[in-house]
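To be precise, the following lines are work.csv, and they hold CSV, C-alpha atoms.
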```csv
chain,number,residue,atom,x,y,z
A,6,MET,CA,-27.9,31.6,-66.3
A,7,ALA,CA,-25.4,28.9,-65.3
A,8,ILE,CA,-22.5,31.4,-64.9
A,9,ASP,CA,-24.5,33.5,-62.4
A,10,ALA,CA,-25.8,30.4,-60.6
A,11,SER,CA,-22.2,29.4,-59.7
A,12,GLU,CA,-22.4,32.0,-56.9
A,13,LYS,CA,-24.8,29.7,-55.0
A,14,ILE,CA,-22.4,26.8,-54.8
A,15,LEU,CA,-19.5,29.0,-53.9
A,16,GLU,CA,-21.3,29.9,-50.6
A,17,SER,CA,-21.1,26.2,-49.6
A,18,SER,CA,-17.9,25.2,-51.4
A,19,SER,CA,-16.2,24.5,-48.1
A,20,SER,CA,-18.5,21.5,-47.5
A,21,VAL,CA,-18.3,20.2,-51.1
A,22,SER,CA,-15.8,17.5,-52.1
A,23,PRO,CA,-13.1,18.3,-54.6
A,24,ALA,CA,-14.6,15.9,-57.1
A,25,GLU,CA,-17.9,17.7,-56.9
A,26,LEU,CA,-16.2,21.1,-57.3
A,27,ALA,CA,-14.4,19.9,-60.4
A,28,SER,CA,-17.6,18.4,-61.8
A,29,TYR,CA,-19.6,21.6,-61.3
A,30,GLY,CA,-16.7,23.7,-62.8
A,31,ASN,CA,-16.7,21.5,-65.9
A,32,ARG,CA,-20.5,22.1,-66.3
A,33,VAL,CA,-20.1,25.8,-65.9
A,34,LEU,CA,-17.3,25.8,-68.6
A,35,LYS,CA,-19.3,23.8,-71.1
A,36,THR,CA,-22.5,25.8,-70.5
A,37,SER,CA,-20.7,29.1,-70.9
A,38,GLU,CA,-19.0,28.0,-74.1
A,39,LYS,CA,-22.3,26.9,-75.6
A,40,LEU,CA,-23.9,30.2,-74.7
A,41,ILE,CA,-21.0,32.3,-76.1
A,42,SER,CA,-21.2,30.4,-79.4
A,43,THR,CA,-24.7,31.8,-79.9
A,44,LEU,CA,-23.1,35.3,-80.3
A,45,VAL,CA,-21.1,34.2,-83.4
A,46,LYS,CA,-22.8,35.5,-86.6
A,47,PRO,CA,-21.6,35.2,-90.2
A,48,THR,CA,-19.7,38.2,-91.5
A,49,ASP,CA,-17.9,39.1,-94.7
A,50,THR,CA,-15.2,41.2,-93.1
A,51,SER,CA,-14.9,41.3,-89.3
A,52,ASP,CA,-17.1,41.9,-86.3
A,53,SER,CA,-16.9,41.7,-82.5
A,54,VAL,CA,-19.1,41.5,-79.4
A,55,SER,CA,-18.2,42.2,-75.8
A,56,PHE,CA,-20.1,41.8,-72.5
A,57,THR,CA,-19.5,42.2,-68.8
A,58,LEU,CA,-21.3,40.3,-66.0
A,59,PRO,CA,-20.7,40.2,-62.3
A,60,THR,CA,-18.8,36.9,-62.5
A,61,VAL,CA,-17.5,36.8,-66.1
A,62,GLU,CA,-16.2,39.1,-68.9
A,63,GLY,CA,-16.2,38.1,-72.5
A,64,GLN,CA,-15.3,39.1,-76.0
A,65,VAL,CA,-16.0,37.4,-79.4
A,66,PHE,CA,-14.2,38.3,-82.6
A,67,MET,CA,-15.2,37.1,-86.0
A,68,VAL,CA,-13.6,37.4,-89.5
A,69,GLY,CA,-15.0,36.6,-92.9
A,70,PRO,CA,-13.6,35.9,-96.4
A,71,GLN,CA,-13.2,39.6,-97.3
A,72,VAL,CA,-11.4,40.6,-94.1
A,73,THR,CA,-8.7,43.3,-94.8
A,74,LEU,CA,-6.8,42.9,-91.5
A,75,ASP,CA,-3.4,41.4,-91.4
A,76,LYS,CA,-4.1,40.3,-87.8
A,77,ILE,CA,-6.9,40.8,-85.4
A,78,PRO,CA,-6.7,43.2,-82.5
A,79,ARG,CA,-5.7,41.9,-79.1
A,80,LEU,CA,-8.7,40.6,-77.1
A,81,ASP,CA,-8.9,42.3,-73.7
A,82,THR,CA,-10.7,42.0,-70.4
A,83,THR,CA,-10.1,43.8,-67.1
A,84,SER,CA,-7.5,41.3,-65.9
A,85,SER,CA,-6.3,39.5,-69.0
A,86,SER,CA,-5.7,39.6,-72.7
A,87,VAL,CA,-5.0,37.2,-75.6
A,88,ASP,CA,-3.2,37.3,-78.9
A,89,ILE,CA,-4.2,34.7,-81.5
A,90,ASP,CA,-3.6,34.3,-85.2
A,91,LEU,CA,-7.3,34.2,-86.2
A,92,ILE,CA,-6.5,35.3,-89.7
A,93,GLY,CA,-4.2,32.2,-90.3
A,94,ILE,CA,-6.9,30.0,-88.8
A,95,ALA,CA,-9.5,31.5,-91.1
A,96,LYS,CA,-7.4,30.6,-94.1
A,97,ASN,CA,-7.8,27.0,-93.2
A,98,ASN,CA,-11.6,27.4,-92.8
A,99,LYS,CA,-12.6,28.9,-96.2
A,100,GLY,CA,-11.8,32.4,-94.9
A,101,SER,CA,-14.1,32.5,-91.9
A,102,ALA,CA,-13.3,31.9,-88.2
A,103,ALA,CA,-14.3,33.1,-84.8
A,104,VAL,CA,-12.6,33.2,-81.3
A,105,ALA,CA,-14.3,33.5,-78.0
A,106,PHE,CA,-12.4,34.8,-75.0
A,107,LEU,CA,-13.9,34.5,-71.4
A,108,SER,CA,-12.4,35.6,-68.1
A,109,TYR,CA,-14.1,34.1,-65.0
A,110,ASN,CA,-13.8,36.2,-61.8
A,111,THR,CA,-14.7,33.5,-59.3
A,112,MET,CA,-13.9,30.3,-61.1
A,113,GLU,CA,-10.8,29.8,-58.8
A,114,ASN,CA,-13.2,28.8,-56.0
A,115,LEU,CA,-14.4,25.8,-58.1
A,116,LEU,CA,-11.3,24.9,-60.1
A,117,LYS,CA,-9.0,25.4,-57.1
A,118,PRO,CA,-5.2,25.7,-57.4
A,119,ASP,CA,-5.0,22.6,-55.2
A,120,PHE,CA,-6.0,20.6,-58.3
A,121,PHE,CA,-2.6,21.4,-59.8
A,122,ASN,CA,-0.8,18.0,-60.0
A,123,LYS,CA,2.2,19.0,-57.8
A,124,SER,CA,3.5,17.3,-54.7
A,125,ASN,CA,1.4,17.8,-51.5
A,126,ASP,CA,4.2,19.5,-49.6
A,127,THR,CA,3.9,22.7,-51.7
A,128,VAL,CA,1.6,25.7,-51.2
A,129,LYS,CA,-0.4,26.4,-54.4
A,130,THR,CA,-1.8,29.9,-55.0
A,131,MET,CA,-4.0,31.1,-57.9
A,132,MET,CA,-2.3,34.2,-59.3
A,133,SER,CA,-4.8,35.1,-62.0
A,134,THR,CA,-8.4,34.9,-63.0
A,135,VAL,CA,-9.4,31.7,-64.9
A,136,ILE,CA,-9.7,32.4,-68.7
A,137,SER,CA,-11.1,30.3,-71.5
A,138,VAL,CA,-10.2,30.6,-75.2
A,139,THR,CA,-12.3,28.6,-77.8
A,140,LEU,CA,-13.0,28.7,-81.5
A,141,PRO,CA,-16.8,28.4,-81.7
A,142,LYS,CA,-18.4,27.4,-85.0
A,143,THR,CA,-14.9,26.8,-86.6
A,144,THR,CA,-14.4,23.5,-88.2
A,145,ASN,CA,-10.6,23.3,-88.3
A,146,THR,CA,-9.4,24.4,-84.9
A,147,LYS,CA,-5.7,23.7,-85.4
A,148,LEU,CA,-3.5,26.6,-84.4
A,149,THR,CA,-1.1,28.1,-87.0
A,150,LYS,CA,0.9,29.8,-84.2
A,151,PRO,CA,1.1,29.4,-80.4
A,152,VAL,CA,-1.5,31.6,-78.6
A,153,ASN,CA,-0.1,34.1,-76.1
A,154,PHE,CA,-2.1,35.4,-73.2
A,155,THR,CA,-1.2,38.0,-70.6
A,156,LEU,CA,-2.5,37.4,-67.1
A,157,LYS,CA,-2.6,40.2,-64.5
A,158,HIS,CA,-1.7,39.1,-61.0
A,159,ILE,CA,-4.7,39.2,-58.7
A,160,ARG,CA,-2.5,39.0,-55.6
A,161,ASP,CA,1.1,39.6,-54.5
A,162,SER,CA,3.5,36.9,-55.6
A,163,ASN,CA,6.1,35.2,-53.5
A,164,PRO,CA,9.6,36.1,-54.8
A,165,SER,CA,10.9,32.6,-54.0
A,166,GLY,CA,7.8,30.9,-55.5
A,167,SER,CA,7.5,29.3,-59.0
A,168,LEU,CA,4.9,30.4,-61.5
A,169,SER,CA,3.3,27.9,-63.9
A,170,CYS,CA,1.0,28.5,-66.8
A,171,VAL,CA,-1.5,25.7,-66.6
A,172,TYR,CA,-4.7,24.5,-68.4
A,173,TRP,CA,-7.7,22.6,-67.1
A,174,ASN,CA,-7.9,18.9,-68.1
A,175,THR,CA,-11.3,17.8,-66.8
A,176,SER,CA,-10.1,17.0,-63.3
A,177,GLU,CA,-6.7,18.8,-62.8
A,178,TRP,CA,-4.5,21.6,-63.8
A,179,ILE,CA,-1.5,20.6,-65.9
A,180,VAL,CA,1.3,22.4,-67.8
A,181,ASP,CA,1.6,20.3,-70.9
A,182,GLY,CA,2.0,22.5,-74.0
A,183,CYS,CA,2.2,25.8,-71.9
A,184,ALA,CA,5.2,27.9,-70.8
A,185,VAL,CA,6.0,31.2,-69.2
A,186,LEU,CA,7.4,33.7,-71.7
A,187,GLU,CA,8.0,36.6,-69.3
A,188,THR,CA,6.9,37.7,-65.9
A,189,ASN,CA,7.2,40.6,-63.4
A,190,SER,CA,5.5,41.7,-60.2
A,191,SER,CA,2.3,42.7,-62.0
A,192,TYR,CA,1.6,40.2,-64.8
A,193,THR,CA,2.8,37.1,-66.6
A,194,VAL,CA,2.8,36.3,-70.3
A,195,CYS,CA,2.1,32.6,-71.1
A,196,SER,CA,2.3,30.8,-74.4
A,197,CYS,CA,0.4,27.6,-75.3
A,198,VAL,CA,0.2,25.4,-78.4
A,199,HIS,CA,-3.5,24.6,-77.9
A,200,LEU,CA,-6.7,26.2,-76.7
A,201,SER,CA,-8.4,25.4,-73.4
A,202,THR,CA,-9.2,26.9,-70.0
A,203,PHE,CA,-6.0,28.5,-68.6
A,204,ALA,CA,-4.7,30.0,-65.3
A,205,LEU,CA,-1.6,31.1,-63.6
A,206,VAL,CA,-0.6,29.1,-60.5
A,207,GLN,CA,2.2,29.7,-58.1
A,208,THR,CA,3.8,27.0,-56.1
A,209,SER,CA,6.1,27.5,-53.1
A,210,SER,CA,7.6,25.4,-50.4
A,211,SER,CA,5.3,24.8,-47.3
A,212,SER,CA,8.4,25.5,-45.1
A,213,GLN,CA,9.6,28.5,-47.0
A,214,SER,CA,12.9,29.9,-45.6
A,215,ASN,CA,13.2,33.5,-44.6
A,216,PRO,CA,16.8,34.6,-45.2
A,217,PRO,CA,16.8,37.6,-42.7
A,218,LEU,CA,15.2,35.4,-40.1
A,219,ASP,CA,17.7,32.6,-40.8
A,220,LEU,CA,20.6,35.0,-40.4
A,221,LEU,CA,19.1,36.3,-37.1
A,222,THR,CA,18.8,32.7,-35.9
A,223,TRP,CA,22.4,31.9,-36.7
A,224,VAL,CA,23.6,35.1,-35.0
A,225,SER,CA,21.6,34.3,-31.9
A,226,VAL,CA,23.0,30.7,-31.8
A,227,ILE,CA,26.6,31.9,-32.2
A,228,LEU,CA,26.2,34.6,-29.5
A,229,GLY,CA,24.6,32.1,-27.2
A,230,LEU,CA,27.5,29.6,-27.6
A,231,LEU,CA,30.0,32.5,-27.1
A,232,PHE,CA,28.3,33.6,-23.8
A,233,LEU,CA,28.1,30.0,-22.6
A,234,SER,CA,31.8,29.5,-23.3
A,235,VAL,CA,32.7,32.8,-21.4
A,236,GLY,CA,30.4,31.8,-18.5
A,237,LEU,CA,32.1,28.4,-18.2
A,238,LEU,CA,35.6,30.0,-18.4
A,239,ILE,CA,34.7,32.4,-15.6
A,240,PHE,CA,33.2,29.6,-13.5
A,241,ALA,CA,36.4,27.6,-13.9
A,242,LEU,CA,38.7,30.6,-13.0
A,243,CYS,CA,36.6,31.4,-9.9
A,244,ARG,CA,36.8,27.7,-8.8
A,245,TRP,CA,40.5,27.6,-9.3
A,246,THR,CA,41.0,30.9,-7.4
A,247,ARG,CA,39.0,29.6,-4.5
A,248,MET,CA,41.1,26.4,-4.3
A,249,SER,CA,44.3,28.6,-4.4
A,250,ASP,CA,43.0,30.6,-1.5
A,251,GLN,CA,42.5,27.5,0.5
A,252,ILE,CA,46.0,26.1,-0.3
A,253,CYS,CA,48.1,29.2,0.1
A,254,GLY,CA,45.9,31.4,2.2
A,255,ARG,CA,46.1,32.4,5.9
A,256,SER,CA,49.5,30.8,6.8
A,257,GLY,CA,51.3,30.2,3.5
A,258,CYS,CA,52.0,26.7,2.5
A,259,VAL,CA,51.6,25.4,6.1
A,260,ARG,CA,48.0,24.9,5.0
A,261,LEU,CA,49.3,21.8,3.1
A,262,VAL,CA,49.4,20.1,6.4
A,263,PRO,CA,45.9,18.6,7.1
A,264,GLU,CA,43.9,21.2,8.9
A,265,GLY,CA,42.6,18.7,11.4
A,266,TYR,CA,46.1,17.7,12.3
A,267,VAL,CA,47.1,21.3,13.0
A,268,ARG,CA,44.0,21.8,15.1
A,269,GLU,CA,44.8,18.6,17.1
A,270,LEU,CA,48.3,19.9,17.8
A,271,SER,CA,47.0,23.3,18.7
A,272,GLY,CA,44.4,21.8,21.1
A,273,SER,CA,46.9,19.6,23.0
A,274,SER,CA,49.8,22.1,23.3
A,275,THR,CA,50.4,25.8,23.2
A,276,ARG,CA,52.9,25.3,20.4
A,277,SER,CA,52.2,26.4,16.9
A,278,ALA,CA,52.5,24.3,13.8
A,279,SER,CA,55.9,25.9,13.1
A,280,ASP,CA,57.1,24.9,16.6
A,281,VAL,CA,56.2,21.3,15.8
A,282,PHE,CA,58.3,21.4,12.7
A,283,ASP,CA,61.1,23.1,14.7
A,284,VAL,CA,61.1,20.3,17.3
A,285,ASP,CA,61.1,17.7,14.7
A,286,SER,CA,64.1,19.2,13.1
A,287,LYS,CA,66.3,19.1,16.4
A,288,PRO,CA,68.0,16.0,17.8
A,289,SER,CA,66.2,14.3,20.6
A,290,THR,CA,67.6,14.3,24.3
A,291,SER,CA,68.2,10.5,24.3
A,292,LYS,CA,70.3,10.7,21.2
A,293,VAL,CA,72.5,13.4,22.7
A,294,SER,CA,73.0,11.4,25.9
A,295,GLN,CA,74.1,8.3,23.9
A,296,GLU,CA,76.7,10.4,22.0
A,297,LYS,CA,78.1,11.7,25.3
A,298,HIS,CA,78.3,8.2,26.8
A,299,CYS,CA,80.2,6.9,23.7
A,300,ASN,CA,82.7,9.8,24.0
A,301,ILE,CA,83.4,9.0,27.7
A,302,MET,CA,83.9,5.3,27.0
A,303,LEU,CA,86.5,6.2,24.2
A,304,SER,CA,88.3,8.5,26.6
A,305,LEU,CA,88.6,5.8,29.3
A,306,GLU,CA,89.9,3.3,26.8
A,307,ARG,CA,92.6,5.7,25.7
A,308,VAL,CA,93.6,6.2,29.3
A,309,ASN,CA,93.9,2.4,29.9
A,310,GLN,CA,96.0,2.0,26.8
A,311,ASN,CA,98.4,4.7,27.9
A,312,THR,CA,98.7,3.1,31.4
A,313,ASN,CA,99.6,-0.3,29.9
A,314,LYS,CA,102.3,1.3,27.8
A,315,SER,CA,103.9,3.1,30.7
A,316,ALA,CA,103.9,-0.1,32.8
```
Let me see the structure of the file written as C-alpha cells.
Amino acid sequence: MAIDASEKILESSSSVSPAELASYGNRVLKTSEKLISTLVKPTDTSDSVSFTLPTVEGQVFMVGPQVTLDKIPRLDTTSSSVDIDLIGIAKNNKGSAAVAFLSYNTMENLLKPDFFNKSNDTVKTMMSTVISVTLPKTTNTKLTKPVNFTLKHIRDSNPSGSLSCVYWNTSEWIVDGCAVLETNSSYTVCSCVHLSTFALVQTSSSSQSNPPLDLLTWVSVILGLLFLSVGLLIFALCRWTRMSDQICGRSGCVRLVPEGYVRELSGSSTRSASDVFDVDSKPSTSKVSQEKHCNIMLSLERVNQNTNKSA
C-alpha cells in the first residue's frame, strides 16, 4: 500500500531534494484519496467506517436521502477532529454525500514545514499531524459552511511564535482561505472555506529574543560601566595624591624649587636651601660699604660749608 510504502523514502529523506519530497507527498495523497473512496457505499440513512494503520488514521461518514440527523457527528482521530456540514452538502447532491477524513502521522517528513511560503529568516515548525478532508463520490463539492478542524499540538509551542492554519497547494503550504479561530497550549482550532490537505505551522524569528537573558545582559553592561567609572576615578585620585606628595612632601613648599638645584647647592656648601633664601634676602657687603662711603662724603661736605661760612 502506498501509505505504508512512504516509510521507505523517509529513511533517506535527508538525501532527497525538496522537489522530490513534494512530488512523492502528492502521490501519497492522491493514492490514499483514491483508496479511501472505495470505502464509500450507497446508504439510505447514514453509515461510517473507521480504520487505523501505523502511519495513518481515517474515518468515512456517509448520508443518504432518508437521513434523520440534523448534523453529522464530529469526525475524530487520535490527534485531530473535523466538523463539516455534510447534511447541507447532501441537500445539493440529491440527498446523498460522503466525507473522508485522514490523519497522516509521518507526512510532515515529506511535506515539510519549510515548504511554507514565508521569508527564509524564520524558523518553521510543524505543530500538528497533516490531515486531509475530501468529499469522495460527491458531485457538488461546494461547502455550505466553513469547515472547522481541531488540531492537537504534537510538540510544545513557542509563546512568541505565530501559528498559521495552512493547506497544501501541490508544491507549498499556503494560508489562503484559512484562519485560526482559537488556540491554547494544547490545540488550535482552524476554519477554512474549502477542503484540502491541512496542517498547523508555527513560525518564529531565527534570532528570537529572550527577555530574561536580555535583562541580564543589560544589567551586566550597566554594572560593567559603573565599575569601570569607579576604577578610573580611583586611578585619577591616586595619581593626584601621588603628585601632591611630591609637591608638598618632605620639606613643605621648598620642593617647588627644582630638586636638582637644591642638590647642587647642598653638594657645594653646607648651607641648606633655607639658608640660600636667607642670604638672598640680606643686603650684600659691597652695597653696605657704598652706603657708608656716601655718608662720609656728605659729612665732609657739610664741614667744608661750615668752614667757609665762618671765614
Exercise for the section: Name the residues in contact with A:Asn145 at a cut-off of 10 Å, using all atoms listed in the file, excluding same-chain residues fewer than 4 positions from it; report them as an NGL selection string. Expected result: :A and (94-99 or 102 or 140)
Since we have the selection now, will you write its residues out, keeping C-alpha atoms, as a PDB file, keeping the file's coordinate frame?
```pdb
ATOM      1  CA  ILE A  94      -6.900  30.000 -88.800  1.00  0.00           C
ATOM      2  CA  ALA A  95      -9.500  31.500 -91.100  1.00  0.00           C
ATOM      3  CA  LYS A  96      -7.400  30.600 -94.100  1.00  0.00           C
ATOM      4  CA  ASN A  97      -7.800  27.000 -93.200  1.00  0.00           C
ATOM      5  CA  ASN A  98     -11.600  27.400 -92.800  1.00  0.00           C
ATOM      6  CA  LYS A  99     -12.600  28.900 -96.200  1.00  0.00           C
ATOM      7  CA  ALA A 102     -13.300  31.900 -88.200  1.00  0.00           C
ATOM      8  CA  LEU A 140     -13.000  28.700 -81.500  1.00  0.00           C
TER       9      LEU A 140
END
```
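Using only C-alpha atoms, the residues found no farther than 7 Å from stretch 20-26 of chain A, other than those of its own chain fewer than 3 positions away, are Ser17, Tyr29, Gly30, Leu115 and Leu116 of chain A.
With only C-alpha atoms as the basis for measurement, A:Val185 is the residue among A:Val45, A:Met112, A:Cys243, A:Val185 that approaches A:Ser167 most closely.
Non-sequential neighbours of stretch 198-203 of chain A (distance at most 7 Å, separation of 6 or more positions within a chain, all atoms listed in the file) are Val135, Ile136, Ser137, Val138, Thr139, Leu148, Pro151, Val152, Val171, Tyr172, Trp173, Gly182 and Cys183 of chain A.
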Practice task
Give me, please, the distance in Å between atom CA of A:Lys147 and atom CA of A:Asp75, quoted to one decimal.
Solution key: 18.8 Å
What residues have an atom no more than 8 Å from (-17.4, 42.1, -90.8) in the file's own frame, counting all atoms listed in the file, and can you write them as a compact mmCIF listing (two decimals) with C-alpha atoms, in the frame of the given file?
```txt
# COMPACT_ATOMS: atom_id res chain seq x y z
CA THR A 48 -19.70 38.20 -91.50
CA ASP A 49 -17.90 39.10 -94.70
CA THR A 50 -15.20 41.20 -93.10
CA SER A 51 -14.90 41.30 -89.30
CA ASP A 52 -17.10 41.90 -86.30
CA MET A 67 -15.20 37.10 -86.00
CA VAL A 68 -13.60 37.40 -89.50
CA GLY A 69 -15.00 36.60 -92.90
CA VAL A 72 -11.40 40.60 -94.10
```
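Considering the residues A:Phe120, A:Lys157, A:Phe232, A:Val61 and counting all atoms listed in the file, A:Thr175 has its shortest atom-to-atom contact with A:Phe120.
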Practice task
Work out how far apart atom CA of A:Leu242 and atom CA of A:Leu230 are and give it in Å to one decimal.
Solution key: 18.4 Å
Practice task
Take atom CA of A:Arg32 and atom CA of A:Ser86 and report the distance between them in Å, one decimal.
Solution key: 23.8 Å
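The nearest approach to A:Val180 among the residues A:Thr134, A:Asn122, A:Ser101, A:Ser225, with all atoms listed in the file taken into account, belongs to A:Asn122.
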